[in-house]
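J.: Have a peek at final_38.cif (mmCIF, C-alpha atoms).
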data_my_file
loop_
_atom_site.label_atom_id
_atom_site.label_comp_id
_atom_site.auth_asym_id
_atom_site.auth_seq_id
_atom_site.Cartn_x
_atom_site.Cartn_y
_atom_site.Cartn_z
CA MET F 1 29.52 -43.71 17.00
CA ALA F 2 27.71 -40.75 15.48
CA HIS F 3 29.44 -37.42 15.05
CA ASP F 4 27.89 -34.04 14.26
CA LEU F 5 29.20 -31.51 11.75
CA HIS F 6 27.61 -28.06 11.77
CA PHE F 7 27.80 -25.53 8.93
CA ASP F 8 27.10 -21.91 9.79
CA ALA F 9 24.74 -19.64 7.85
CA TYR F 10 27.37 -18.29 5.43
CA VAL F 11 28.73 -21.71 4.51
CA SER F 12 25.23 -23.17 4.21
CA PHE F 13 24.07 -20.36 1.93
CA THR F 14 27.19 -20.68 -0.23
CA LEU F 15 26.68 -24.42 -0.58
CA ALA F 16 23.04 -23.81 -1.56
CA VAL F 17 24.13 -21.48 -4.36
CA LEU F 18 26.71 -24.02 -5.53
CA LEU F 19 24.10 -26.78 -5.54
CA LEU F 20 21.74 -24.57 -7.53
CA PHE F 21 24.49 -24.20 -10.15
CA VAL F 22 24.74 -28.00 -10.22
CA GLY F 23 21.01 -28.23 -10.85
CA LYS F 24 21.14 -25.61 -13.62
CA ALA F 25 24.06 -27.35 -15.30
CA CYS F 26 22.21 -30.69 -15.27
CA THR F 27 19.08 -29.06 -16.69
CA ARG F 28 21.04 -27.47 -19.53
CA ARG F 29 22.81 -30.73 -20.32
CA PHE F 30 19.89 -33.17 -20.14
CA GLU F 31 16.93 -32.32 -22.35
CA LEU F 32 14.79 -34.90 -20.53
CA LEU F 33 14.85 -32.75 -17.38
CA ARG F 34 13.58 -29.75 -19.35
CA ARG F 35 10.97 -31.81 -21.17
CA TYR F 36 9.43 -32.92 -17.86
CA SER F 37 10.04 -29.53 -16.17
CA ILE F 38 11.99 -30.86 -13.19
CA PRO F 39 12.88 -27.78 -11.09
CA GLU F 40 16.60 -26.98 -11.10
CA PRO F 41 16.84 -26.61 -7.28
CA VAL F 42 15.45 -30.13 -6.87
CA ILE F 43 18.40 -31.66 -8.69
CA GLY F 44 20.95 -29.82 -6.58
CA GLY F 45 19.01 -30.53 -3.40
CA LEU F 46 18.81 -34.25 -4.16
CA VAL F 47 22.57 -34.35 -4.77
CA CYS F 48 23.04 -32.88 -1.29
CA ILE F 49 20.61 -35.37 0.27
CA ALA F 50 22.46 -38.26 -1.37
CA ILE F 51 25.88 -37.09 -0.14
CA VAL F 52 24.69 -36.30 3.39
CA SER F 53 22.85 -39.62 3.69
CA ALA F 54 25.87 -41.57 2.39
CA LEU F 55 28.15 -39.92 4.96
CA TYR F 56 25.70 -40.78 7.73
CA LEU F 57 25.33 -44.41 6.66
CA ALA F 58 29.06 -44.94 6.05
CA PHE F 59 30.62 -43.00 8.92
CA GLY F 60 27.77 -42.07 11.28
CA LEU F 61 28.37 -38.40 10.43
CA LYS F 62 25.34 -36.14 10.91
CA ILE F 63 25.62 -32.92 8.90
CA ASP F 64 23.55 -29.98 10.08
CA PHE F 65 23.05 -26.80 8.04
CA GLN F 66 22.05 -23.44 9.49
CA LEU F 67 19.22 -22.44 7.14
CA GLY F 68 17.56 -19.43 8.76
CA VAL F 69 18.12 -17.24 5.69
CA ARG F 70 15.73 -19.38 3.61
CA ASP F 71 12.73 -17.77 5.35
CA VAL F 72 13.90 -14.32 4.24
CA LEU F 73 14.33 -15.58 0.68
CA LEU F 74 10.74 -16.83 0.73
CA LEU F 75 9.50 -13.38 1.75
CA TYR F 76 11.38 -11.74 -1.13
CA PHE F 77 9.97 -14.29 -3.54
CA PHE F 78 6.34 -13.71 -2.58
CA ALA F 79 6.81 -9.95 -2.53
CA ALA F 80 8.02 -10.30 -6.12
CA ILE F 81 4.97 -12.40 -7.03
CA GLY F 82 2.79 -9.63 -5.60
CA LEU F 83 4.60 -6.89 -7.52
CA GLY F 84 4.06 -8.84 -10.71
CA SER F 85 0.31 -9.15 -10.15
CA ASP F 86 -1.76 -6.85 -12.32
CA VAL F 87 -5.23 -6.03 -10.98
CA ARG F 88 -6.78 -7.24 -14.24
CA THR F 89 -5.35 -10.69 -13.61
CA LEU F 90 -6.63 -10.57 -10.04
CA ARG F 91 -10.19 -9.99 -11.28
CA GLN F 92 -9.91 -13.10 -13.45
CA GLY F 93 -8.71 -15.17 -10.49
CA GLY F 94 -11.85 -14.99 -8.35
CA ARG F 95 -13.83 -17.99 -9.62
CA PRO F 96 -10.79 -20.27 -10.23
CA LEU F 97 -9.56 -19.44 -6.72
CA LEU F 98 -12.84 -20.55 -5.15
CA ILE F 99 -12.89 -23.73 -7.24
CA LEU F 100 -9.31 -24.62 -6.27
CA VAL F 101 -10.09 -24.10 -2.57
CA VAL F 102 -13.02 -26.52 -2.84
CA LEU F 103 -10.90 -29.07 -4.73
CA ALA F 104 -8.02 -28.81 -2.25
CA THR F 105 -10.44 -29.23 0.67
CA GLY F 106 -11.93 -32.34 -0.88
CA PHE F 107 -8.49 -33.78 -1.50
CA MET F 108 -7.45 -33.16 2.11
CA VAL F 109 -10.36 -35.31 3.28
CA LEU F 110 -9.37 -38.05 0.81
CA GLN F 111 -5.75 -37.79 1.99
CA ASN F 112 -6.74 -38.32 5.59
CA LEU F 113 -9.09 -41.22 4.84
CA ALA F 114 -6.32 -42.94 2.85
CA GLY F 115 -3.78 -42.37 5.63
CA MET F 116 -6.17 -43.71 8.26
CA ALA F 117 -6.84 -46.81 6.15
CA VAL F 118 -3.09 -47.52 5.83
CA ALA F 119 -2.60 -46.99 9.56
CA SER F 120 -5.34 -49.52 10.30
CA GLY F 121 -3.68 -51.96 7.91
CA PHE F 122 -0.45 -51.67 9.92
CA GLY F 123 -2.33 -52.26 13.17
CA LEU F 124 -1.83 -48.68 14.35
CA ASP F 125 -4.26 -46.17 15.79
CA ARG F 126 -6.27 -44.95 12.77
CA ARG F 127 -5.60 -41.34 13.78
CA ALA F 128 -1.89 -41.88 13.16
CA GLY F 129 -2.84 -41.92 9.49
CA LEU F 130 -3.71 -38.23 9.71
CA LEU F 131 -0.01 -37.58 10.26
CA THR F 132 0.66 -39.10 6.82
CA GLY F 133 -2.19 -37.08 5.35
CA SER F 134 -3.06 -33.40 5.46
CA VAL F 135 -1.16 -32.76 8.70
CA SER F 136 2.27 -33.27 7.15
CA LEU F 137 1.65 -33.17 3.40
CA THR F 138 -0.77 -30.30 2.86
CA GLY F 139 0.16 -28.65 6.14
CA GLY F 140 3.94 -28.94 6.04
CA VAL F 141 6.50 -28.80 8.83
CA GLY F 142 4.80 -25.96 10.73
CA THR F 143 1.46 -27.75 10.89
CA THR F 144 3.17 -31.02 11.84
CA LEU F 145 5.02 -29.48 14.77
CA ALA F 146 1.91 -27.61 15.91
CA TRP F 147 -0.32 -30.71 15.94
CA ALA F 148 2.21 -33.32 17.16
CA PRO F 149 1.59 -32.65 20.91
CA HIS F 150 -2.16 -33.17 20.37
CA PHE F 151 -1.56 -36.58 18.77
CA VAL F 152 0.84 -37.51 21.58
CA GLN F 153 -2.01 -36.83 24.00
CA LEU F 154 -4.14 -39.18 21.91
CA GLY F 155 -1.61 -41.93 22.61
CA ILE F 156 0.58 -41.71 19.47
CA ALA F 157 3.97 -41.29 21.15
CA ASN F 158 6.04 -40.98 17.94
CA ALA F 159 3.63 -38.55 16.27
CA GLU F 160 6.31 -35.96 15.49
CA THR F 161 8.62 -38.55 13.92
CA ILE F 162 5.83 -39.90 11.71
CA GLY F 163 4.78 -36.40 10.66
CA LEU F 164 8.26 -35.11 9.85
CA ALA F 165 9.18 -38.30 7.97
CA SER F 166 5.98 -38.03 5.92
CA ASN F 167 6.64 -34.39 5.16
CA MET F 168 10.14 -35.25 4.02
CA ALA F 169 8.95 -37.98 1.64
CA GLY F 170 6.12 -35.79 0.38
CA LEU F 171 8.34 -32.78 -0.29
CA ILE F 172 10.75 -34.78 -2.43
CA SER F 173 7.86 -36.39 -4.31
CA ALA F 174 6.09 -33.08 -4.88
CA CYS F 175 9.17 -31.71 -6.61
CA ALA F 176 9.22 -34.63 -9.02
CA ILE F 177 5.60 -35.03 -10.13
CA GLY F 178 4.57 -31.49 -11.11
CA GLY F 179 6.51 -31.22 -14.35
CA PRO F 180 5.52 -34.65 -15.70
CA ILE F 181 1.86 -33.90 -14.92
CA ALA F 182 2.00 -30.72 -17.01
CA ALA F 183 3.98 -32.43 -19.78
CA TYR F 184 1.40 -35.21 -20.04
CA LEU F 185 -1.53 -32.79 -20.15
CA MET F 186 0.12 -30.56 -22.74
CA ARG F 187 1.01 -33.48 -24.97
CA ARG F 188 -2.36 -35.19 -24.65
CA HIS F 189 -4.46 -32.06 -25.16
CA ARG F 190 -2.02 -30.15 -27.42
CA LEU F 191 -1.93 -27.12 -25.16
CA LYS F 192 0.07 -23.96 -25.81
CA SER F 193 0.64 -20.79 -23.82
CA SER F 194 -0.02 -17.23 -24.88
CA GLU F 195 3.09 -15.66 -26.37
CA GLU F 196 2.11 -12.22 -25.09
CA ALA F 197 2.56 -12.48 -21.33
CA GLU F 198 5.93 -12.15 -19.59
CA LEU F 199 7.05 -14.84 -17.14
CA GLU F 200 6.27 -14.19 -13.49
CA VAL F 201 9.47 -15.93 -12.32
CA GLY F 202 12.75 -16.06 -14.24
CA VAL F 203 13.05 -16.20 -18.02
CA ARG F 204 12.40 -18.91 -20.60
CA TYR F 205 15.28 -21.32 -21.25
CA GLU F 206 15.82 -20.14 -24.81
CA ASP F 207 15.95 -16.49 -23.67
CA VAL F 208 18.58 -16.91 -20.95
CA GLU F 209 21.47 -15.81 -23.15
CA HIS F 210 19.55 -12.85 -24.61
CA THR F 211 17.98 -11.32 -21.50
CA ARG F 212 19.41 -7.90 -20.74
CA LEU F 213 19.40 -6.22 -17.34
CA ASP F 214 20.54 -2.75 -16.48
CA TYR F 215 21.59 -1.11 -13.23
CA ASN F 216 18.31 0.74 -12.72
CA SER F 217 16.23 -2.38 -13.35
CA VAL F 218 17.84 -4.29 -10.49
CA LEU F 219 18.08 -1.25 -8.19
CA LEU F 220 14.38 -0.38 -8.64
CA ALA F 221 13.46 -4.01 -8.03
CA MET F 222 15.48 -4.09 -4.81
CA LEU F 223 13.89 -0.84 -3.65
CA TRP F 224 10.28 -1.91 -4.15
CA LEU F 225 10.83 -5.45 -2.91
CA ASN F 226 12.17 -4.05 0.36
CA VAL F 227 9.29 -1.59 0.59
CA ALA F 228 6.95 -4.56 0.11
CA LEU F 229 8.66 -6.47 2.93
CA ILE F 230 8.34 -3.50 5.28
CA LEU F 231 4.68 -3.02 4.41
CA GLY F 232 4.16 -6.79 4.59
CA ARG F 233 5.36 -6.87 8.19
CA GLY F 234 2.70 -4.32 9.08
CA ILE F 235 0.01 -6.30 7.22
CA SER F 236 1.05 -9.54 8.93
CA GLY F 237 0.89 -7.80 12.30
CA ALA F 238 -2.60 -6.48 11.54
CA ILE F 239 -3.76 -9.97 10.49
CA ALA F 240 -2.34 -11.44 13.70
CA LEU F 241 -4.44 -9.00 15.76
CA THR F 242 -7.58 -10.65 14.38
CA GLY F 243 -6.51 -13.99 15.85
CA LEU F 244 -5.69 -15.56 12.48
CA ARG F 245 -2.34 -17.33 12.17
CA LEU F 246 -1.12 -17.10 8.59
CA PRO F 247 2.41 -17.54 7.18
CA ASP F 248 4.51 -14.35 7.04
CA PHE F 249 4.76 -14.60 3.26
CA VAL F 250 1.04 -13.78 3.01
CA GLY F 251 1.73 -10.24 4.20
CA ALA F 252 4.57 -9.85 1.70
CA LEU F 253 2.33 -11.14 -1.12
CA ILE F 254 -0.49 -8.72 -0.26
CA ALA F 255 1.95 -5.82 0.10
CA GLY F 256 3.40 -6.50 -3.34
CA ILE F 257 -0.06 -6.60 -4.91
CA VAL F 258 -1.04 -3.32 -3.24
CA LEU F 259 2.17 -1.53 -4.23
CA ARG F 260 1.97 -2.67 -7.85
CA ASN F 261 -1.60 -1.59 -8.40
CA VAL F 262 -1.69 1.55 -6.27
CA SER F 263 1.64 2.88 -7.57
CA ALA F 264 0.59 2.25 -11.16
CA GLN F 265 -2.46 4.45 -10.59
CA PHE F 266 -0.81 7.37 -8.83
CA THR F 267 2.71 7.42 -10.25
CA LYS F 268 3.72 8.24 -13.79
CA GLN F 269 4.93 5.18 -15.63
CA LYS F 270 8.08 7.01 -16.69
CA GLY F 271 8.87 8.30 -13.21
CA GLN F 272 12.29 7.83 -11.67
CA LEU F 273 11.14 5.71 -8.71
CA TRP F 274 8.36 3.68 -10.31
CA HIS F 275 8.64 2.26 -13.79
CA TRP F 276 7.26 -1.26 -13.96
CA ASP F 277 8.39 -2.02 -17.50
CA ARG F 278 11.94 -1.05 -16.60
CA MET F 279 12.11 -3.01 -13.34
CA ARG F 280 10.15 -6.10 -14.49
CA ALA F 281 13.31 -7.97 -15.51
CA GLY F 282 14.99 -7.17 -12.20
CA VAL F 283 12.00 -8.43 -10.20
CA ALA F 284 11.85 -11.64 -12.27
CA LEU F 285 15.59 -12.23 -11.76
CA ILE F 286 15.53 -11.68 -8.00
CA SER F 287 12.42 -13.81 -7.53
CA ASP F 288 13.98 -16.64 -9.55
CA ILE F 289 17.18 -16.58 -7.50
CA CYS F 290 15.30 -16.43 -4.18
CA LEU F 291 12.99 -19.31 -5.05
CA GLY F 292 15.85 -21.43 -6.37
CA VAL F 293 18.07 -20.97 -3.33
CA PHE F 294 15.12 -21.35 -0.93
CA LEU F 295 14.03 -24.69 -2.36
CA THR F 296 17.62 -25.94 -2.52
CA MET F 297 18.05 -25.06 1.16
CA ALA F 298 14.72 -26.69 2.04
CA LEU F 299 15.93 -29.97 0.52
CA MET F 300 19.37 -29.59 2.12
CA GLY F 301 17.67 -29.58 5.51
CA LEU F 302 16.05 -32.99 5.04
CA GLN F 303 17.63 -35.75 7.12
CA LEU F 304 16.60 -39.20 5.90
CA TRP F 305 17.65 -40.92 9.11
CA GLN F 306 14.63 -39.29 10.79
CA MET F 307 12.55 -42.00 9.07
CA HIS F 308 14.18 -44.72 11.18
CA GLY F 309 11.56 -46.93 12.77
CA VAL F 310 8.62 -45.61 10.74
CA ALA F 311 9.98 -45.90 7.19
CA VAL F 312 7.81 -48.80 5.97
CA PHE F 313 4.55 -47.31 7.25
CA VAL F 314 5.38 -43.80 6.04
CA LEU F 315 6.59 -44.86 2.59
CA THR F 316 3.53 -47.05 2.09
CA ALA F 317 1.17 -44.26 3.06
CA VAL F 318 2.98 -41.55 1.10
CA SER F 319 3.23 -43.78 -2.00
CA LEU F 320 -0.55 -44.07 -1.95
CA GLN F 321 -0.83 -40.29 -1.48
CA ILE F 322 1.42 -39.68 -4.49
CA VAL F 323 -0.72 -41.86 -6.75
CA MET F 324 -3.86 -40.10 -5.48
CA ALA F 325 -2.35 -36.65 -6.04
CA ILE F 326 -1.33 -37.46 -9.62
CA LEU F 327 -4.75 -38.87 -10.53
CA PHE F 328 -6.58 -36.01 -8.82
CA ALA F 329 -4.46 -33.41 -10.64
CA LEU F 330 -4.92 -35.07 -14.03
CA PHE F 331 -8.61 -35.90 -13.91
CA VAL F 332 -10.12 -33.44 -11.45
CA VAL F 333 -8.00 -30.28 -11.08
CA TYR F 334 -7.28 -29.94 -14.80
CA VAL F 335 -10.95 -30.43 -15.73
CA PHE F 336 -12.44 -28.06 -13.17
CA MET F 337 -9.78 -25.38 -13.65
CA GLY F 338 -10.68 -24.92 -17.32
CA ARG F 339 -8.98 -27.59 -19.48
CA ASP F 340 -6.46 -25.08 -20.88
CA TYR F 341 -2.76 -24.26 -20.53
CA GLU F 342 -3.33 -22.34 -17.28
CA ALA F 343 -5.19 -25.37 -15.91
CA ALA F 344 -2.23 -27.60 -16.80
CA VAL F 345 0.17 -25.27 -14.95
CA ILE F 346 -2.13 -25.20 -11.91
CA SER F 347 -2.30 -29.01 -12.04
CA ALA F 348 1.51 -29.08 -11.91
CA GLY F 349 1.37 -26.78 -8.89
CA PHE F 350 -1.22 -29.01 -7.23
CA GLY F 351 1.54 -31.53 -6.53
CA GLY F 352 3.09 -28.93 -4.24
CA ILE F 353 -0.25 -28.08 -2.64
CA ALA F 354 -1.07 -31.73 -1.94
CA LEU F 355 2.36 -33.12 -1.02
CA GLY F 356 4.88 -30.37 -0.38
CA SER F 357 4.57 -26.65 0.23
CA THR F 358 3.63 -23.39 -1.41
CA ALA F 359 7.21 -22.89 -2.57
CA THR F 360 7.23 -26.36 -4.13
CA ALA F 361 4.01 -25.60 -5.97
CA ILE F 362 5.46 -22.37 -7.36
CA ALA F 363 8.74 -24.06 -8.27
CA ASN F 364 6.85 -26.71 -10.25
CA MET F 365 4.84 -24.06 -12.08
CA SER F 366 7.85 -21.86 -12.81
CA ALA F 367 9.75 -24.84 -14.25
CA VAL F 368 6.81 -25.47 -16.60
CA THR F 369 6.47 -21.84 -17.66
CA ARG F 370 10.19 -21.46 -18.31
CA GLU F 371 9.92 -24.25 -20.85
CA HIS F 372 6.47 -23.53 -22.32
CA GLY F 373 5.45 -19.93 -21.55
CA ALA F 374 3.70 -17.70 -19.01
CA ALA F 375 0.58 -18.52 -16.98
CA PRO F 376 -0.32 -15.29 -15.13
CA ARG F 377 -3.57 -16.47 -13.53
CA ALA F 378 -1.94 -19.59 -12.09
CA PHE F 379 0.63 -17.49 -10.25
CA ILE F 380 -2.16 -15.55 -8.56
CA VAL F 381 -4.56 -18.37 -7.74
CA VAL F 382 -2.12 -20.93 -6.31
CA PRO F 383 -0.24 -18.61 -3.87
CA LEU F 384 -3.52 -17.16 -2.58
CA VAL F 385 -5.04 -20.60 -2.07
CA CYS F 386 -1.92 -21.87 -0.31
CA GLY F 387 -1.40 -18.73 1.74
CA PHE F 388 -4.89 -17.76 2.82
CA PHE F 389 -7.17 -20.74 2.76
CA ILE F 390 -5.31 -24.03 3.01
CA ASP F 391 -4.03 -23.64 6.58
CA LEU F 392 -7.42 -22.46 7.85
CA VAL F 393 -9.41 -25.23 6.18
CA ASN F 394 -6.79 -27.84 7.09
CA ALA F 395 -7.05 -26.96 10.79
CA LEU F 396 -10.82 -27.56 10.65
CA VAL F 397 -10.42 -30.85 8.73
CA ILE F 398 -7.76 -32.18 11.12
CA GLY F 399 -9.75 -31.16 14.18
CA LEU F 400 -12.90 -32.89 12.96
CA MET F 401 -11.18 -36.09 11.85
CA ALA F 402 -8.80 -36.38 14.85
CA GLY F 403 -11.73 -36.28 17.25
#
For the file at hand, write its structure as structure tokens.
T.:
Amino acid sequence: MAHDLHFDAYVSFTLAVLLLFVGKACTRRFELLRRYSIPEPVIGGLVCIAIVSALYLAFGLKIDFQLGVRDVLLLYFFAAIGLGSDVRTLRQGGRPLLILVVLATGFMVLQNLAGMAVASGFGLDRRAGLLTGSVSLTGGVGTTLAWAPHFVQLGIANAETIGLASNMAGLISACAIGGPIAAYLMRRHRLKSSEEAELEVGVRYEDVEHTRLDYNSVLLAMLWLNVALILGRGISGAIALTGLRLPDFVGALIAGIVLRNVSAQFTKQKGQLWHWDRMRAGVALISDICLGVFLTMALMGLQLWQMHGVAVFVLTAVSLQIVMAILFALFVVYVFMGRDYEAAVISAGFGGIALGSTATAIANMSAVTREHGAAPRAFIVVPLVCGFFIDLVNALVIGLMAG
């Protein structure tokens, strides 16, 4: 007989922080994890998944975490990415951004064709394969839940189960493949980062013990991050009036970009309320913490028993998608994005674009840059592609292929 155990928001958040410490401790201890840039939150999240799944299998105990705070953490993270975006880097991102949109669109079509082929092989409606393609993998949970009723109307009664199970398998996989992709590219092509740029998220592993923060650095960061969130709410509301449905973090990202570049123009760099050089470390710290706890909580929320009844089909389809994503990142994304260190970091992030979520993509890239050095353009191009264009293009692709 199954029993349910619910953890409230405070307990869930505290457990997420504890699990992140577990991940950081493992990363410090095992050089192999750093070499392949496995994100620290992934390790802690997988520990939680293993424990929760074992309790369910052994005792029928279903553990449920209240994870509403993770959405707020995501907003803070993207506001920080925006604040760290210099207009000069934005100018450089135009052409790569367009190229990555085209590549991601092409891969979504390939994803769906592969999923439909696997569905046919299992004797299912071919359109069920879309649920193991761009609906759940590129689109994520939100897209899955939005499209599930449409597929039910098409006669696929367990559409939501297939979609959520695929998203779960894809999210875990996306966390694991990004770092090894970058490590392979860097080793094969002998790539190195520029030593001049500061990291967009966190600090490099060798600098952890030497990074100094002061009171004003953190306080200024908190001030401007909150201003960005307030402004971001207004931007998101204005976007919604146009009929577009974009994730809330898009508004926070745009607000951060605007504040960074407008304030730098009209405020003295040594002013009391705006001093980017002074608050840079505080912004990097807060963004690193928010991303780490967010991704840990995202993995904590995965419930493997949701795959019951569709596991073989889903795992077969997603396994094919993983192989496709790795090959596409190595031999297409890396080549068309410039064959340099930035291209390798973007290729690592592509695992998140293709299989997981925007946060997963950024986590993969930040794990790489903490080990090897900054990639400023990558941290502009990938969030903009994920935030602005992917959901819009994906809706068109799904609509055309679902019929």
J.: Could you state the separation of CA of Ala281 in chain F and CA of Ile353 in chain F in Å, given to one decimal place?
T.: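 Value for the CA of Ala281 in chain F-CA of Ile353 in chain F distance: 27.5 Å.
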J.: With only C-alpha atoms as the counted atoms, please give the residues lying no more than 9 Å from Gly23 in chain F, apart from itself and same-chain residues fewer than 6 positions off, as a PDB file with C-alpha atoms, in the coordinates of the input.
T.:
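As a result, around_5.pdb now contains:
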ATOM      1  CA  PRO F  39      12.880 -27.780 -11.090  1.00  0.00           C
ATOM      2  CA  GLU F  40      16.600 -26.980 -11.100  1.00  0.00           C
ATOM      3  CA  PRO F  41      16.840 -26.610  -7.280  1.00  0.00           C
ATOM      4  CA  VAL F  42      15.450 -30.130  -6.870  1.00  0.00           C
ATOM      5  CA  ILE F  43      18.400 -31.660  -8.690  1.00  0.00           C
ATOM      6  CA  GLY F  44      20.950 -29.820  -6.580  1.00  0.00           C
ATOM      7  CA  GLY F  45      19.010 -30.530  -3.400  1.00  0.00           C
ATOM      8  CA  VAL F  47      22.570 -34.350  -4.770  1.00  0.00           C
TER       9      VAL F  47
END
J.: Just say which residues the PyMOL selection byres ((chain F and resi 294) around 10) picks in this file, as a list of chain:residue names.
T.: F:Phe13, F:Ala16, F:Val17, F:Leu20, F:Pro41, F:Leu67, F:Val69, F:Arg70, F:Asp71, F:Val72, F:Leu73, F:Leu74, F:Phe77, F:Asp288, F:Ile289, F:Cys290, F:Leu291, F:Gly292, F:Val293, F:Leu295, F:Thr296, F:Met297, F:Ala298, F:Leu299, F:Met300, F:Ala359, F:Thr360
J.: Residue by residue, what does the PyMOL selection byres ((chain F and resi 226) around 12) grab here? Present the result as a ChimeraX atom specification.
T.: /F:72-73,75-80,83,219-225,227-233,252,255-256,259,283,286
J.: Write the residues of the preceding selection, restricted to C-alpha atoms, as a short mmCIF file (atom, residue, chain, number, x, y, z; two decimals), keeping the file's coordinate frame.
T.:
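Dumped everything to again-v8.cif:
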data_model
loop_
_atom_site.label_atom_id
_atom_site.label_comp_id
_atom_site.auth_asym_id
_atom_site.auth_seq_id
_atom_site.Cartn_x
_atom_site.Cartn_y
_atom_site.Cartn_z
CA VAL F 72 13.90 -14.32 4.24
CA LEU F 73 14.33 -15.58 0.68
CA LEU F 75 9.50 -13.38 1.75
CA TYR F 76 11.38 -11.74 -1.13
CA PHE F 77 9.97 -14.29 -3.54
CA PHE F 78 6.34 -13.71 -2.58
CA ALA F 79 6.81 -9.95 -2.53
CA ALA F 80 8.02 -10.30 -6.12
CA LEU F 83 4.60 -6.89 -7.52
CA LEU F 219 18.08 -1.25 -8.19
CA LEU F 220 14.38 -0.38 -8.64
CA ALA F 221 13.46 -4.01 -8.03
CA MET F 222 15.48 -4.09 -4.81
CA LEU F 223 13.89 -0.84 -3.65
CA TRP F 224 10.28 -1.91 -4.15
CA LEU F 225 10.83 -5.45 -2.91
CA VAL F 227 9.29 -1.59 0.59
CA ALA F 228 6.95 -4.56 0.11
CA LEU F 229 8.66 -6.47 2.93
CA ILE F 230 8.34 -3.50 5.28
CA LEU F 231 4.68 -3.02 4.41
CA GLY F 232 4.16 -6.79 4.59
CA ARG F 233 5.36 -6.87 8.19
CA ALA F 252 4.57 -9.85 1.70
CA ALA F 255 1.95 -5.82 0.10
CA GLY F 256 3.40 -6.50 -3.34
CA LEU F 259 2.17 -1.53 -4.23
CA VAL F 283 12.00 -8.43 -10.20
CA ILE F 286 15.53 -11.68 -8.00
#
J.: With all atoms listed in the file as the counted atoms, please give the residues lying no more than 9 Å from Val310 in chain F, apart from itself and same-chain residues fewer than 3 positions off, as a list in words.
T.: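 So the residues in contact are Asn158, Thr161, Ile162, Ala165, Gln306, Met307, Phe313, Val314 and Leu315 of chain F.
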J.: Go through F:Gly115, F:Gly60, F:Gly352, F:Pro96 one by one, measure the shortest atom-to-atom distance of each to Thr316 in chain F using all atoms listed in the file, and give the residue with the smallest value.
T.: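 Under the stated criterion, the closest residue is F:Gly115.
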J.: Do you know which residues the PyMOL selection byres ((chain F and resi 354) around 10) returns on this file, as a tab-separated table (two decimals) with C-alpha atoms, in the coordinates of the input?
T.:
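As written to disk, out-v1.tsv reads:
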chain	number	residue	atom	x	y	z
F	104	ALA	CA	-8.02	-28.81	-2.25
F	107	PHE	CA	-8.49	-33.78	-1.50
F	108	MET	CA	-7.45	-33.16	2.11
F	111	GLN	CA	-5.75	-37.79	1.99
F	133	GLY	CA	-2.19	-37.08	5.35
F	134	SER	CA	-3.06	-33.40	5.46
F	136	SER	CA	2.27	-33.27	7.15
F	137	LEU	CA	1.65	-33.17	3.40
F	138	THR	CA	-0.77	-30.30	2.86
F	139	GLY	CA	0.16	-28.65	6.14
F	140	GLY	CA	3.94	-28.94	6.04
F	170	GLY	CA	6.12	-35.79	0.38
F	171	LEU	CA	8.34	-32.78	-0.29
F	174	ALA	CA	6.09	-33.08	-4.88
F	321	GLN	CA	-0.83	-40.29	-1.48
F	322	ILE	CA	1.42	-39.68	-4.49
F	324	MET	CA	-3.86	-40.10	-5.48
F	325	ALA	CA	-2.35	-36.65	-6.04
F	326	ILE	CA	-1.33	-37.46	-9.62
F	328	PHE	CA	-6.58	-36.01	-8.82
F	329	ALA	CA	-4.46	-33.41	-10.64
F	349	GLY	CA	1.37	-26.78	-8.89
F	350	PHE	CA	-1.22	-29.01	-7.23
F	351	GLY	CA	1.54	-31.53	-6.53
F	352	GLY	CA	3.09	-28.93	-4.24
F	353	ILE	CA	-0.25	-28.08	-2.64
F	355	LEU	CA	2.36	-33.12	-1.02
F	356	GLY	CA	4.88	-30.37	-0.38
F	357	SER	CA	4.57	-26.65	0.23
F	358	THR	CA	3.63	-23.39	-1.41
F	361	ALA	CA	4.01	-25.60	-5.97
